[in-house]
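Asker: Below you will find the structure I want to go over with you.
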Amino acid sequence: MAEWEAVIGLETHIQLSTESKIFCRCRADSWGQPPNTNICPVCCGLPGVLPVLNRGVVEKAVRLAAAVHATIAETSYFARKNYFYPDLPKGYQISQYDEPLARGGYFDLPLPGGATRRLTIQKLHLEEDAGKTKLAGGQRYVDMNRCGVPLVEMVTGPDLRSADEAAQYLIRLRQLLRWLETSEANMERAQLRCDANVSIRPAGAIHLNPKTEIKNVNSIEAVRDAIAKEIQRQVREVESGGQVEAWTLEWDEDAGMLRKMRAKETEGDYRYFREPDLLPIRLDEAWRTRLLATMPELPLERRARFVREYQLPEYDAEILTEERSLSEYFEAAARAYSGEAKRVSNWMMNDVLRLVREHPQQAGQPQTAALAGLTPAHLAEILTLVDSATVTLATGKALLEKVIATGTPPRAIVEREGLAQISGAGALEDICRQAIAENPEQATQYRAGKTTLLQWFVGQVMKKSRGKANPQETAHILEKLLVG
Ligand code: ZN
Ligand code: MN
């Protein structure tokens, strides 16, 4: 039996997070709005109207093109892609064709085990989204709210080799899009959609076989499932003496299966021609230079730098760079703190991230919004208070939530609420004596040899001191008092 290798390329449609649509002033985002309430004559394609290009769309797309190392065209053109479908009121989609915004980039995909696969990015082009149709009660309805929503279509080469790699690519792409503030990339809201081209060939071969295109996959899990099923289907087909035909398949989310939609259109069917109602996009050198100067450091570069500069383990660096605001927060806290950055990282991964995750997140908000009053400098201050034994570890952790809620500097809270650690013979010894006096039975048991009760007494002292007692000193004093 031959060994088969899958050859997968992904086409993604990415909704750019601009305020307004691509060619009119309607809001770009109409998630949750009633059908046909966010439309105008331009996006509905009424006769006599003219489109006007939204500059913000070009800026966001150019930033993405730069991030995937693509060559940005000085001049690119819009084209009409003609097809007839009820959700496309004009009878054509304004897209780009032979002269797209950018071509020829790459995307480095980290694979498990530390390897990287370099995917080619064939091209990026701008286009408008179409509306949606919906079948209900035997009738077909059309909602045009999404007509004219700005999209960038980004196409990879046939460089992915498994369903898992395809899913990984989408996870990394989503991270990059949010990082660049190009798109909120929420798949459930159709802000990131994916079509997959799938074929198989004998492992190690270099030729490409006929491929199928899978449409309508709306989550990362669905992409993984649909591609895995399609690879299996093609292998079965070929091994039983058949051939793979160039079909377009639709993923049925509810049934978890692929259905044949139609034989694939060929380019000729679309009768592309230049859009006569729009000028070419010309990006002059000065504008591009200015825009590219505002590009942030990218996630993988930052991850590598965190390992190098702060001596973080790969694992920490990966988690702290999952999202841009979090990585910036870490770095600001590490700079404000005089101790080792790894300690900041530990607190962030254990305590701060837990608080972030407990907080309900709003779409499009940075993760650190959940931290409200807790600035990176405040976090560094809490660590310093714990390091200097001004407060106990337990108090330090409790301070996180107090500072989030109030924004008051940690040191001020410690003073106001009297949270400083209790240590030294005087005050601490008094509390220990009280704890013993209040629990004579346990004290007797301890003296009779049940020494495991020492920890229980430490717990009593912690409770009485509201977490302020120095645990090591407490144990030491209790031991002395209980024996004596
Ligand atoms: Zn409109
Ligand atoms: Mn498209």
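By order in the structure tokens, chains are A, B, ...; within a chain, residues start at 1; ligands start at 1, following the order shown.
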Report as a list in words which protein, DNA and RNA residues come within 8 Å of ligand 1, using only C-alpha atoms and all ligand atoms.

Answerer: Lys21, Phe23, Cys24, Arg25, Cys26, Arg27, Asn38, Ile39, Cys40, Pro41, Val42, Cys43, Cys44, Cys147 and Gly148 of chain A

Asker: Can you list, as JSON, numbers by chain, every protein, DNA or RNA residue that comes within 9 Å of Leu399 in chain A when you count only C-alpha atoms, leaving out same-chain residues fewer than 5 positions away?

Answerer: {"A": [382, 394, 404, 410, 413, 414]}

Asker: Generate a file of the selected residues that holds C-alpha atoms, formatted as an mmCIF file, in the first residue's frame.

Answerer:
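Output saved as part_25.cif:
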```
data_model
loop_
_atom_site.group_PDB
_atom_site.id
_atom_site.type_symbol
_atom_site.label_atom_id
_atom_site.label_comp_id
_atom_site.auth_asym_id
_atom_site.auth_seq_id
_atom_site.Cartn_x
_atom_site.Cartn_y
_atom_site.Cartn_z
ATOM 1 C CA ILE A 382 3.723 43.835 45.155
ATOM 2 C CA ALA A 394 -0.622 35.263 51.011
ATOM 3 C CA ILE A 404 -7.385 45.632 40.461
ATOM 4 C CA PRO A 410 -0.148 48.402 46.901
ATOM 5 C CA ILE A 413 -3.202 49.634 50.836
ATOM 6 C CA VAL A 414 -0.733 47.858 53.121
#
```

Asker: Skip range 182-194 of chain A itself and residues of its chain fewer than 3 positions away, then list as a VMD selection string all residues within 8 Å of it, counting only C-alpha atoms.

Answerer: chain A and resid 10 to 17 31 60 to 61 63 to 64 174 177 to 179 215 to 219 223 363 to 364

Asker: Could you please extract the residues within 12 Å of ligand 2, counting only C-alpha atoms and all ligand atoms, and hand them back as a ChimeraX atom specification?

Answerer: /A:10-15,79-82,92-97,123-130,150-155,192-195,215,270

Asker: Rounded to one decimal in Å, what is the spacing between CA of Phe457 in chain A and CA of Leu400 in chain A?

Answerer: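 Taking CA of Phe457 in chain A and CA of Leu400 in chain A, their separation equals 26.9 Å.
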
Asker: So, with only C-alpha atoms as the atoms that count, which of A:Arg302, A:Ala437, A:Gly91, A:Tyr85 lies closest to Leu46 in chain A?

Answerer: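 Looking at the shortest contact to Leu46 in chain A, the residue is A:Gly91.
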
Asker: Please extract the residues of range 250-369 of chain A with a backbone DSSP assignment of helix (DSSP H, G or I) and present them as an MDAnalysis selection string.

Answerer: chainID A and resid 267:270 285:292 299:310 314:320 324:336 341:358 367:369

Asker: Tell me, in Å to one decimal, how far CA of Pro89 in chain A is from CA of Glu275 in chain A.

Answerer: 16.1 Å

Asker: Using only C-alpha atoms, find the one residue out of A:Met261, A:Ala166, A:Ala203, A:Ala28 that sits nearest to Ile220 in chain A.

Answerer: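 For Ile220 in chain A, the nearest of the candidates is A:Ala166.
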